[in-house]
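Enquirer: My structure is stored as coords_14.cif, with mmCIF, C-alpha atoms.
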```
data_structure
loop_
_atom_site.group_PDB
_atom_site.id
_atom_site.type_symbol
_atom_site.label_atom_id
_atom_site.label_comp_id
_atom_site.auth_asym_id
_atom_site.auth_seq_id
_atom_site.Cartn_x
_atom_site.Cartn_y
_atom_site.Cartn_z
ATOM 1 C CA GLU V 1177 13.159 34.760 64.943
ATOM 2 C CA ALA V 1178 12.757 36.209 61.447
ATOM 3 C CA GLU V 1179 14.990 34.664 58.804
ATOM 4 C CA VAL V 1180 15.994 35.185 55.215
ATOM 5 C CA ALA V 1181 14.494 32.435 53.061
ATOM 6 C CA GLN V 1182 16.144 31.049 49.938
ATOM 7 C CA SER V 1183 15.194 28.363 47.474
ATOM 8 C CA PRO V 1184 16.192 25.968 46.196
ATOM 9 C CA ARG V 1185 18.829 24.903 48.716
ATOM 10 C CA TYR V 1186 20.651 22.823 46.123
ATOM 11 C CA LYS V 1187 20.671 22.973 42.333
ATOM 12 C CA ILE V 1188 22.503 20.780 39.862
ATOM 13 C CA THR V 1189 22.427 21.807 36.249
ATOM 14 C CA GLU V 1190 24.299 21.266 33.027
ATOM 15 C CA LYS V 1191 26.318 24.017 31.440
ATOM 16 C CA SER V 1192 24.408 26.228 29.029
ATOM 17 C CA GLN V 1193 21.169 25.719 30.968
ATOM 18 C CA ALA V 1194 19.307 28.498 32.743
ATOM 19 C CA VAL V 1195 18.958 28.567 36.532
ATOM 20 C CA ALA V 1196 17.066 30.846 38.895
ATOM 21 C CA PHE V 1197 17.341 31.408 42.620
ATOM 22 C CA TRP V 1198 14.770 33.026 44.874
ATOM 23 C CA CYS V 1199 15.191 35.037 48.062
ATOM 24 C CA ASP V 1200 12.668 36.391 50.552
ATOM 25 C CA PRO V 1201 14.311 38.865 52.951
ATOM 26 C CA ILE V 1202 13.341 39.571 56.520
ATOM 27 C CA SER V 1203 10.103 41.529 56.558
ATOM 28 C CA GLY V 1204 10.694 45.260 56.533
ATOM 29 C CA HIS V 1205 14.301 45.060 55.381
ATOM 30 C CA ALA V 1206 14.797 47.598 52.610
ATOM 31 C CA THR V 1207 18.208 46.422 51.459
ATOM 32 C CA LEU V 1208 18.793 43.076 49.787
ATOM 33 C CA TYR V 1209 22.106 41.623 48.663
ATOM 34 C CA TRP V 1210 23.131 38.697 46.482
ATOM 35 C CA TYR V 1211 26.587 37.233 47.107
ATOM 36 C CA ARG V 1212 28.536 34.443 45.455
ATOM 37 C CA GLN V 1213 30.873 32.351 47.590
ATOM 38 C CA ILE V 1214 33.325 30.063 45.840
ATOM 39 C CA LEU V 1215 34.722 27.242 47.968
ATOM 40 C CA GLY V 1216 37.632 28.458 50.077
ATOM 41 C CA GLN V 1217 36.866 32.127 49.540
ATOM 42 C CA GLY V 1218 34.784 34.778 51.239
ATOM 43 C CA PRO V 1219 31.445 35.935 49.861
ATOM 44 C CA GLU V 1220 31.646 38.421 46.985
ATOM 45 C CA LEU V 1221 28.844 40.931 46.399
ATOM 46 C CA LEU V 1222 27.072 40.493 43.074
ATOM 47 C CA VAL V 1223 24.227 42.978 43.414
ATOM 48 C CA GLN V 1224 22.653 45.227 46.038
ATOM 49 C CA PHE V 1225 19.074 46.497 46.013
ATOM 50 C CA GLN V 1226 17.601 49.367 47.965
ATOM 51 C CA ASP V 1227 13.880 48.639 47.796
ATOM 52 C CA GLU V 1228 13.306 47.828 44.109
ATOM 53 C CA SER V 1229 16.299 49.780 42.788
ATOM 54 C CA VAL V 1230 19.759 48.423 42.030
ATOM 55 C CA VAL V 1231 22.378 50.475 43.893
ATOM 56 C CA ASP V 1232 25.433 48.361 43.089
ATOM 57 C CA ASP V 1233 25.828 45.726 40.390
ATOM 58 C CA SER V 1234 29.418 46.476 39.497
ATOM 59 C CA GLN V 1235 30.516 42.868 40.131
ATOM 60 C CA LEU V 1236 27.554 41.216 38.380
ATOM 61 C CA PRO V 1237 28.541 39.487 35.087
ATOM 62 C CA LYS V 1238 25.752 41.114 33.152
ATOM 63 C CA ASP V 1239 26.235 39.063 30.017
ATOM 64 C CA ARG V 1240 24.783 36.051 31.794
ATOM 65 C CA PHE V 1241 23.499 37.148 35.221
ATOM 66 C CA SER V 1242 20.391 39.166 35.960
ATOM 67 C CA ALA V 1243 18.644 40.115 39.171
ATOM 68 C CA GLU V 1244 15.338 41.739 39.944
ATOM 69 C CA ARG V 1245 13.327 42.831 42.945
ATOM 70 C CA LEU V 1246 10.205 44.093 41.224
ATOM 71 C CA LYS V 1247 8.061 44.964 44.238
ATOM 72 C CA GLY V 1248 10.898 45.715 46.597
ATOM 73 C CA VAL V 1249 10.329 42.565 48.619
ATOM 74 C CA ASP V 1250 11.510 39.192 47.306
ATOM 75 C CA SER V 1251 14.168 38.843 44.649
ATOM 76 C CA THR V 1252 15.264 36.497 41.877
ATOM 77 C CA LEU V 1253 18.789 35.929 40.581
ATOM 78 C CA LYS V 1254 19.098 34.265 37.191
ATOM 79 C CA ILE V 1255 22.010 32.788 35.292
ATOM 80 C CA GLN V 1256 21.668 32.068 31.584
ATOM 81 C CA PRO V 1257 23.594 30.221 30.309
ATOM 82 C CA ALA V 1258 25.312 28.598 33.270
ATOM 83 C CA GLU V 1259 29.035 27.873 32.985
ATOM 84 C CA LEU V 1260 31.230 25.443 34.901
ATOM 85 C CA GLY V 1261 32.845 28.337 36.780
ATOM 86 C CA ASP V 1262 29.468 29.377 38.196
ATOM 87 C CA SER V 1263 29.522 26.465 40.634
ATOM 88 C CA ALA V 1264 29.378 28.146 44.042
ATOM 89 C CA MET V 1265 27.142 29.010 46.981
ATOM 90 C CA TYR V 1266 24.765 31.881 46.223
ATOM 91 C CA LEU V 1267 23.887 33.750 49.386
ATOM 92 C CA CYS V 1268 21.129 36.283 49.873
ATOM 93 C CA ALA V 1269 21.279 38.774 52.732
ATOM 94 C CA SER V 1270 19.110 41.609 53.944
ATOM 95 C CA SER V 1271 19.477 44.577 56.249
ATOM 96 C CA PRO V 1272 17.121 47.286 57.468
ATOM 97 C CA MET V 1273 18.806 50.158 55.602
ATOM 98 C CA THR V 1274 22.033 51.232 53.968
ATOM 99 C CA SER V 1275 23.717 54.658 53.811
ATOM 100 C CA GLY V 1276 24.237 56.711 56.915
ATOM 101 C CA GLY V 1277 25.691 53.917 58.935
ATOM 102 C CA HIS V 1278 26.069 50.215 58.831
ATOM 103 C CA ASN V 1279 23.341 47.752 59.694
ATOM 104 C CA GLU V 1280 24.013 44.092 60.289
ATOM 105 C CA GLN V 1281 23.397 41.918 57.262
ATOM 106 C CA PHE V 1282 21.417 38.748 57.889
ATOM 107 C CA PHE V 1283 22.181 35.885 55.555
ATOM 108 C CA GLY V 1284 19.929 33.173 54.247
ATOM 109 C CA PRO V 1285 21.028 29.512 54.103
ATOM 110 C CA GLY V 1286 22.206 29.860 50.510
ATOM 111 C CA THR V 1287 21.690 27.936 47.288
ATOM 112 C CA ARG V 1288 24.513 25.580 46.409
ATOM 113 C CA LEU V 1289 24.857 25.436 42.617
ATOM 114 C CA THR V 1290 26.754 22.703 40.807
ATOM 115 C CA VAL V 1291 27.230 23.065 37.066
ATOM 116 C CA LEU V 1292 28.171 19.862 35.249
ATOM 117 C CA ARG C 398 46.983 43.470 46.821
ATOM 118 C CA LYS C 399 43.747 41.875 48.064
ATOM 119 C CA GLU C 400 41.203 44.224 49.584
ATOM 120 C CA VAL C 401 41.028 42.189 52.793
ATOM 121 C CA GLU C 402 43.756 39.689 53.625
ATOM 122 C CA GLN C 403 43.644 36.896 56.169
ATOM 123 C CA ASP C 404 45.755 33.838 56.914
ATOM 124 C CA PRO C 405 43.532 30.974 55.711
ATOM 125 C CA GLY C 406 44.900 28.583 58.340
ATOM 126 C CA PRO C 407 43.903 26.047 59.428
ATOM 127 C CA PHE C 408 44.645 26.843 63.037
ATOM 128 C CA ASN C 409 44.545 23.602 65.011
ATOM 129 C CA VAL C 410 44.446 24.320 68.742
ATOM 130 C CA PRO C 411 43.604 22.272 71.853
ATOM 131 C CA GLU C 412 40.574 23.060 73.980
ATOM 132 C CA GLY C 413 41.304 25.847 76.419
ATOM 133 C CA ALA C 414 43.947 27.474 74.243
ATOM 134 C CA THR C 415 44.057 31.140 73.307
ATOM 135 C CA VAL C 416 44.171 31.841 69.590
ATOM 136 C CA ALA C 417 44.518 35.082 67.646
ATOM 137 C CA PHE C 418 43.559 35.893 64.063
ATOM 138 C CA ASN C 419 44.800 38.880 62.126
ATOM 139 C CA CYS C 420 43.502 40.715 59.117
ATOM 140 C CA THR C 421 44.691 43.660 57.028
ATOM 141 C CA TYR C 422 42.642 45.827 54.685
ATOM 142 C CA SER C 423 43.712 48.047 51.829
ATOM 143 C CA ASN C 424 41.102 50.816 51.720
ATOM 144 C CA SER C 425 41.869 53.573 54.204
ATOM 145 C CA ALA C 426 38.337 54.931 53.629
ATOM 146 C CA SER C 427 36.760 51.868 55.227
ATOM 147 C CA GLN C 428 34.534 52.938 58.105
ATOM 148 C CA SER C 429 33.146 49.808 59.718
ATOM 149 C CA PHE C 430 34.773 46.525 60.616
ATOM 150 C CA PHE C 431 33.411 43.165 61.642
ATOM 151 C CA TRP C 432 34.150 39.556 62.336
ATOM 152 C CA TYR C 433 31.664 37.051 60.951
ATOM 153 C CA ARG C 434 31.615 33.367 61.790
ATOM 154 C CA GLN C 435 30.758 30.716 59.205
ATOM 155 C CA ASP C 436 30.195 27.087 60.122
ATOM 156 C CA CYS C 437 30.870 24.423 57.507
ATOM 157 C CA ARG C 438 28.277 24.625 54.698
ATOM 158 C CA LYS C 439 26.296 27.270 56.575
ATOM 159 C CA GLU C 440 25.717 30.974 56.084
ATOM 160 C CA PRO C 441 27.923 33.655 57.683
ATOM 161 C CA LYS C 442 26.683 35.170 60.921
ATOM 162 C CA LEU C 443 27.855 38.325 62.620
ATOM 163 C CA LEU C 444 30.166 37.541 65.531
ATOM 164 C CA MET C 445 31.042 41.063 66.573
ATOM 165 C CA SER C 446 31.711 44.565 65.350
ATOM 166 C CA VAL C 447 35.184 46.007 65.793
ATOM 167 C CA TYR C 448 35.741 49.455 67.249
ATOM 168 C CA SER C 449 38.840 51.616 67.456
ATOM 169 C CA SER C 450 38.733 51.453 71.232
ATOM 170 C CA GLY C 451 38.654 47.664 71.123
ATOM 171 C CA ASN C 452 35.740 45.629 72.328
ATOM 172 C CA GLU C 453 35.157 42.421 74.209
ATOM 173 C CA ASP C 454 32.292 39.952 74.230
ATOM 174 C CA GLY C 455 32.859 37.152 76.697
ATOM 175 C CA ARG C 456 35.839 35.133 75.491
ATOM 176 C CA PHE C 457 36.172 37.166 72.302
ATOM 177 C CA THR C 458 38.166 40.391 71.975
ATOM 178 C CA ALA C 459 38.421 42.432 68.784
ATOM 179 C CA GLN C 460 40.841 45.248 68.098
ATOM 180 C CA LEU C 461 41.289 47.753 65.294
ATOM 181 C CA ASN C 462 44.393 49.718 64.352
ATOM 182 C CA ARG C 463 43.362 52.269 61.738
ATOM 183 C CA ALA C 464 46.886 53.611 61.232
ATOM 184 C CA SER C 465 48.154 50.151 60.302
ATOM 185 C CA GLN C 466 44.841 49.076 58.693
ATOM 186 C CA TYR C 467 44.890 45.988 60.846
ATOM 187 C CA ILE C 468 42.151 44.082 62.672
ATOM 188 C CA SER C 469 42.501 41.260 65.148
ATOM 189 C CA LEU C 470 40.319 38.721 66.928
ATOM 190 C CA LEU C 471 41.398 36.960 70.105
ATOM 191 C CA ILE C 472 39.585 33.899 71.402
ATOM 192 C CA ARG C 473 40.369 32.803 74.951
ATOM 193 C CA ASP C 474 39.633 29.418 76.488
ATOM 194 C CA SER C 475 38.748 27.853 73.120
ATOM 195 C CA LYS C 476 35.774 25.481 73.009
ATOM 196 C CA LEU C 477 35.076 22.693 70.559
ATOM 197 C CA SER C 478 32.074 24.733 69.424
ATOM 198 C CA ASP C 479 34.374 27.568 68.336
ATOM 199 C CA SER C 480 35.507 25.437 65.372
ATOM 200 C CA ALA C 481 34.468 27.408 62.292
ATOM 201 C CA THR C 482 35.758 29.814 59.677
ATOM 202 C CA TYR C 483 36.197 33.392 60.873
ATOM 203 C CA LEU C 484 35.689 36.035 58.206
ATOM 204 C CA CYS C 485 37.195 39.495 58.489
ATOM 205 C CA VAL C 486 34.831 42.041 56.933
ATOM 206 C CA VAL C 487 35.148 45.748 56.174
ATOM 207 C CA THR C 488 32.856 48.260 54.572
ATOM 208 C CA TRP C 489 34.189 49.754 51.385
ATOM 209 C CA GLY C 490 32.991 53.311 51.947
ATOM 210 C CA GLY C 491 30.765 55.183 49.549
ATOM 211 C CA ALA C 492 27.013 55.483 49.580
ATOM 212 C CA THR C 493 26.270 51.776 49.452
ATOM 213 C CA ASN C 494 28.581 50.808 52.312
ATOM 214 C CA LYS C 495 29.069 47.389 50.791
ATOM 215 C CA LEU C 496 30.864 44.671 52.717
ATOM 216 C CA ILE C 497 34.171 43.241 51.568
ATOM 217 C CA PHE C 498 34.946 39.814 52.989
ATOM 218 C CA GLY C 499 38.312 38.224 53.549
ATOM 219 C CA THR C 500 38.830 34.606 52.543
ATOM 220 C CA GLY C 501 38.373 33.486 56.142
ATOM 221 C CA THR C 502 40.551 31.731 58.702
ATOM 222 C CA LEU C 503 39.675 28.152 59.566
ATOM 223 C CA LEU C 504 39.841 27.263 63.258
ATOM 224 C CA ALA C 505 39.742 23.641 64.430
ATOM 225 C CA VAL C 506 39.625 23.169 68.199
ATOM 226 C CA GLN C 507 40.786 19.693 69.192
ATOM 227 C CA PRO C 508 39.585 17.780 72.267
#
```
What is this file in structure tokens?
Expert:
Amino acid sequence: EAEVAQSPRYKITEKSQAVAFWCDPISGHATLYWYRQILGQGPELLVQFQDESVVDDSQLPKDRFSAERLKGVDSTLKIQPAELGDSAMYLCASSPMTSGGHNEQFFGPGTRLTVL
Amino acid sequence: RKEVEQDPGPFNVPEGATVAFNCTYSNSASQSFFWYRQDCRKEPKLLMSVYSSGNEDGRFTAQLNRASQYISLLIRDSKLSDSATYLCVVTWGGATNKLIFGTGTLLAVQP
């Protein structure tokens, strides 16, 4: 069964350092999402890509977060500099398409970030 | 008001019990509705979609009341393996159809 791959699974860093997370969606899935899930809360969308284009980054803290999906396949989410409040699970998801109806989103295992 | 509201629980129930979770959403333009299941320290996985006519999948029944902006999930004959967090999810409308997640309801089924 095809899966969304993420790495690393765990990351511990000190505040003010830079961190990067990688996601490889299910092959053929045009839409890729990055979510942040703080302990005890539901996932919150940070950014959504349709192929290589950003279609929603309204909740992305752009002063420190950036995301790219240069070839419309895998994606990288970066935080620079990391802050204590960034400690969370970062989830990547993919789906076959977006507008015109809803397609199930398939989530990767996540990257658990701890900022010290 | 939160976009999607759920009782965080925990709901502690014995095996074999019937348990119901409720959820309300604030955006009347929401078009699609789901329940996702999330095991401890794992990723969310789709449990079932929710339709206006109501739908059932084995021991699970989901219902939607658009007029009241209310969604429910009923689990009959609870199993130990049902222990998880159940996330109520709605689409926010618009071209991107992004998902809005509730905070989740924690279910613990006791032997």
Enquirer: For the file shown, report as an MDAnalysis selection string the outcome of the PyMOL selection byres ((chain C) within 10 of (chain V)) at residue level.
Expert: chainID C and resid 401 405 428:431 435 438:443 445:446 482:486 488 490:503
Enquirer: Pull C-alpha atoms from the residues just selected and write them as an mmCIF file, in the coordinates of the input.
Expert:
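Just written: part_2.cif:
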```
data_model
loop_
_atom_site.group_PDB
_atom_site.id
_atom_site.type_symbol
_atom_site.label_atom_id
_atom_site.label_comp_id
_atom_site.auth_asym_id
_atom_site.auth_seq_id
_atom_site.Cartn_x
_atom_site.Cartn_y
_atom_site.Cartn_z
ATOM 1 C CA VAL C 401 41.028 42.189 52.793
ATOM 2 C CA PRO C 405 43.532 30.974 55.711
ATOM 3 C CA GLN C 428 34.534 52.938 58.105
ATOM 4 C CA SER C 429 33.146 49.808 59.718
ATOM 5 C CA PHE C 430 34.773 46.525 60.616
ATOM 6 C CA PHE C 431 33.411 43.165 61.642
ATOM 7 C CA GLN C 435 30.758 30.716 59.205
ATOM 8 C CA ARG C 438 28.277 24.625 54.698
ATOM 9 C CA LYS C 439 26.296 27.270 56.575
ATOM 10 C CA GLU C 440 25.717 30.974 56.084
ATOM 11 C CA PRO C 441 27.923 33.655 57.683
ATOM 12 C CA LYS C 442 26.683 35.170 60.921
ATOM 13 C CA LEU C 443 27.855 38.325 62.620
ATOM 14 C CA MET C 445 31.042 41.063 66.573
ATOM 15 C CA SER C 446 31.711 44.565 65.350
ATOM 16 C CA THR C 482 35.758 29.814 59.677
ATOM 17 C CA TYR C 483 36.197 33.392 60.873
ATOM 18 C CA LEU C 484 35.689 36.035 58.206
ATOM 19 C CA CYS C 485 37.195 39.495 58.489
ATOM 20 C CA VAL C 486 34.831 42.041 56.933
ATOM 21 C CA THR C 488 32.856 48.260 54.572
ATOM 22 C CA GLY C 490 32.991 53.311 51.947
ATOM 23 C CA GLY C 491 30.765 55.183 49.549
ATOM 24 C CA ALA C 492 27.013 55.483 49.580
ATOM 25 C CA THR C 493 26.270 51.776 49.452
ATOM 26 C CA ASN C 494 28.581 50.808 52.312
ATOM 27 C CA LYS C 495 29.069 47.389 50.791
ATOM 28 C CA LEU C 496 30.864 44.671 52.717
ATOM 29 C CA ILE C 497 34.171 43.241 51.568
ATOM 30 C CA PHE C 498 34.946 39.814 52.989
ATOM 31 C CA GLY C 499 38.312 38.224 53.549
ATOM 32 C CA THR C 500 38.830 34.606 52.543
ATOM 33 C CA GLY C 501 38.373 33.486 56.142
ATOM 34 C CA THR C 502 40.551 31.731 58.702
ATOM 35 C CA LEU C 503 39.675 28.152 59.566
#
```
Enquirer: For C:Phe418, please output as number ranges by chain all residues within 7 Å (counting only C-alpha atoms; exclusion window: fewer than 4 positions along the same chain).
Expert: C: 469-471
Enquirer: Would you mind telling me which residue in V:Trp1198, V:Trp1210, V:Phe1241, V:Tyr1186 lies nearest to V:Glu1259 when using all atoms listed in the file?
Expert: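 Between V:Trp1198, V:Trp1210, V:Phe1241, V:Tyr1186, the residue approaching V:Glu1259 most closely is V:Phe1241.
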Enquirer: Name the residues that the PyMOL selection byres ((chain C and resi 466) around 10) pulls out of this structure, and write them as a list in words.
Expert: Val401, Cys420, Thr421, Tyr422, Ser423, Asn424, Ser425, Ser427, Leu461, Asn462, Arg463, Ala464, Ser465, Tyr467 and Ile468 of chain C
Enquirer: For the file shown, what are the residues hit by the PyMOL selection byres ((chain C and resi 450) around 8), laid out as a list in words?
Expert: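 Selected by the PyMOL selection byres ((chain C and resi 450) around 8) here: Tyr448, Ser449, Gly451, Asn452, Gln460 and Leu461 of chain C.
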Enquirer: Please produce a file of those selected residues containing C-alpha atoms, as a PDB file, in the frame of the given file.
Expert:
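Result saved to selection-v5.pdb:
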```
ATOM      1  CA  TYR C 448      35.741  49.455  67.249  1.00  0.00           C
ATOM      2  CA  SER C 449      38.840  51.616  67.456  1.00  0.00           C
ATOM      3  CA  GLY C 451      38.654  47.664  71.123  1.00  0.00           C
ATOM      4  CA  ASN C 452      35.740  45.629  72.328  1.00  0.00           C
ATOM      5  CA  GLN C 460      40.841  45.248  68.098  1.00  0.00           C
ATOM      6  CA  LEU C 461      41.289  47.753  65.294  1.00  0.00           C
TER       7      LEU C 461
END
```
Enquirer: Would you list the contacts of C:Arg456 as a PyMOL selection string, taking every protein, DNA or RNA residue within 8 Å and counting only C-alpha atoms, but skipping same-chain residues closer than 4 positions in sequence?
Expert: chain C and resi 471-474
Enquirer: Output C-alpha atoms of each residue in that selection to a file, as a PDB file, in the coordinates of the input.
Expert:
```pdb
ATOM      1  CA  LEU C 471      41.398  36.960  70.105  1.00  0.00           C
ATOM      2  CA  ILE C 472      39.585  33.899  71.402  1.00  0.00           C
ATOM      3  CA  ARG C 473      40.369  32.803  74.951  1.00  0.00           C
ATOM      4  CA  ASP C 474      39.633  29.418  76.488  1.00  0.00           C
TER       5      ASP C 474
END
```
Enquirer: Closest to C:Pro508 among C:Lys399, C:Pro411, C:Trp432, C:Val447, using only C-alpha atoms?
Expert: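 The closest residue to C:Pro508 is C:Pro411.
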Enquirer: Between atom CA of C:Gln403 and atom CA of C:Ala417, what is the spacing in Å?
Expert: 11.7 Å
Enquirer: Using all atoms listed in the file, which residue out of V:Asp1250, V:Asp1233, V:Glu1177, V:Glu1244 lies closest to V:His1205?
Expert: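 Ranking V:Asp1250, V:Asp1233, V:Glu1177, V:Glu1244 by distance to V:His1205, first place goes to V:Asp1250.
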Enquirer: Any idea what the distance is between atom CA of V:Ser1251 and atom CA of V:Cys1199?
Expert: 5.2 Å
Enquirer: Please determine, counting all atoms listed in the file, which residue among C:Val487, C:Ala481, C:Cys437, C:Val410 has the shortest atom-to-atom distance to C:Gln507.
Expert: C:Val410
Enquirer: Which of these, V:Val1249, V:Leu1208, V:Ile1202, V:Leu1260, has the shortest distance to V:Val1230 once you count all atoms listed in the file?
Expert: V:Leu1208
Enquirer: Find the distance between atom CA of C:Asp479 and atom CA of V:Pro1201 and write it in Å to one decimal.
Expert: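 Going from atom CA of C:Asp479 over to atom CA of V:Pro1201 covers 27.7 Å.
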Enquirer: From the list V:Ser1234, V:Thr1287, V:Gln1256, V:Ser1270, which residue is nearest V:Phe1197 when using only C-alpha atoms?
Expert: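 For V:Phe1197, the nearest of the candidates is V:Thr1287.
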Enquirer: Find the residues near V:Gln1193: any atom within 10 Å, counting all atoms listed in the file, skip ones fewer than 4 places away on the same chain, and give them as a PDB file with C-alpha atoms, in the frame of the given file.
Expert:
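Saved to out_39.pdb:
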```pdb
ATOM      1  CA  THR V1189      22.427  21.807  36.249  1.00  0.00           C
ATOM      2  CA  ILE V1255      22.010  32.788  35.292  1.00  0.00           C
ATOM      3  CA  GLN V1256      21.668  32.068  31.584  1.00  0.00           C
ATOM      4  CA  PRO V1257      23.594  30.221  30.309  1.00  0.00           C
ATOM      5  CA  ALA V1258      25.312  28.598  33.270  1.00  0.00           C
ATOM      6  CA  GLU V1259      29.035  27.873  32.985  1.00  0.00           C
ATOM      7  CA  VAL V1291      27.230  23.065  37.066  1.00  0.00           C
TER       8      VAL V1291
END
```
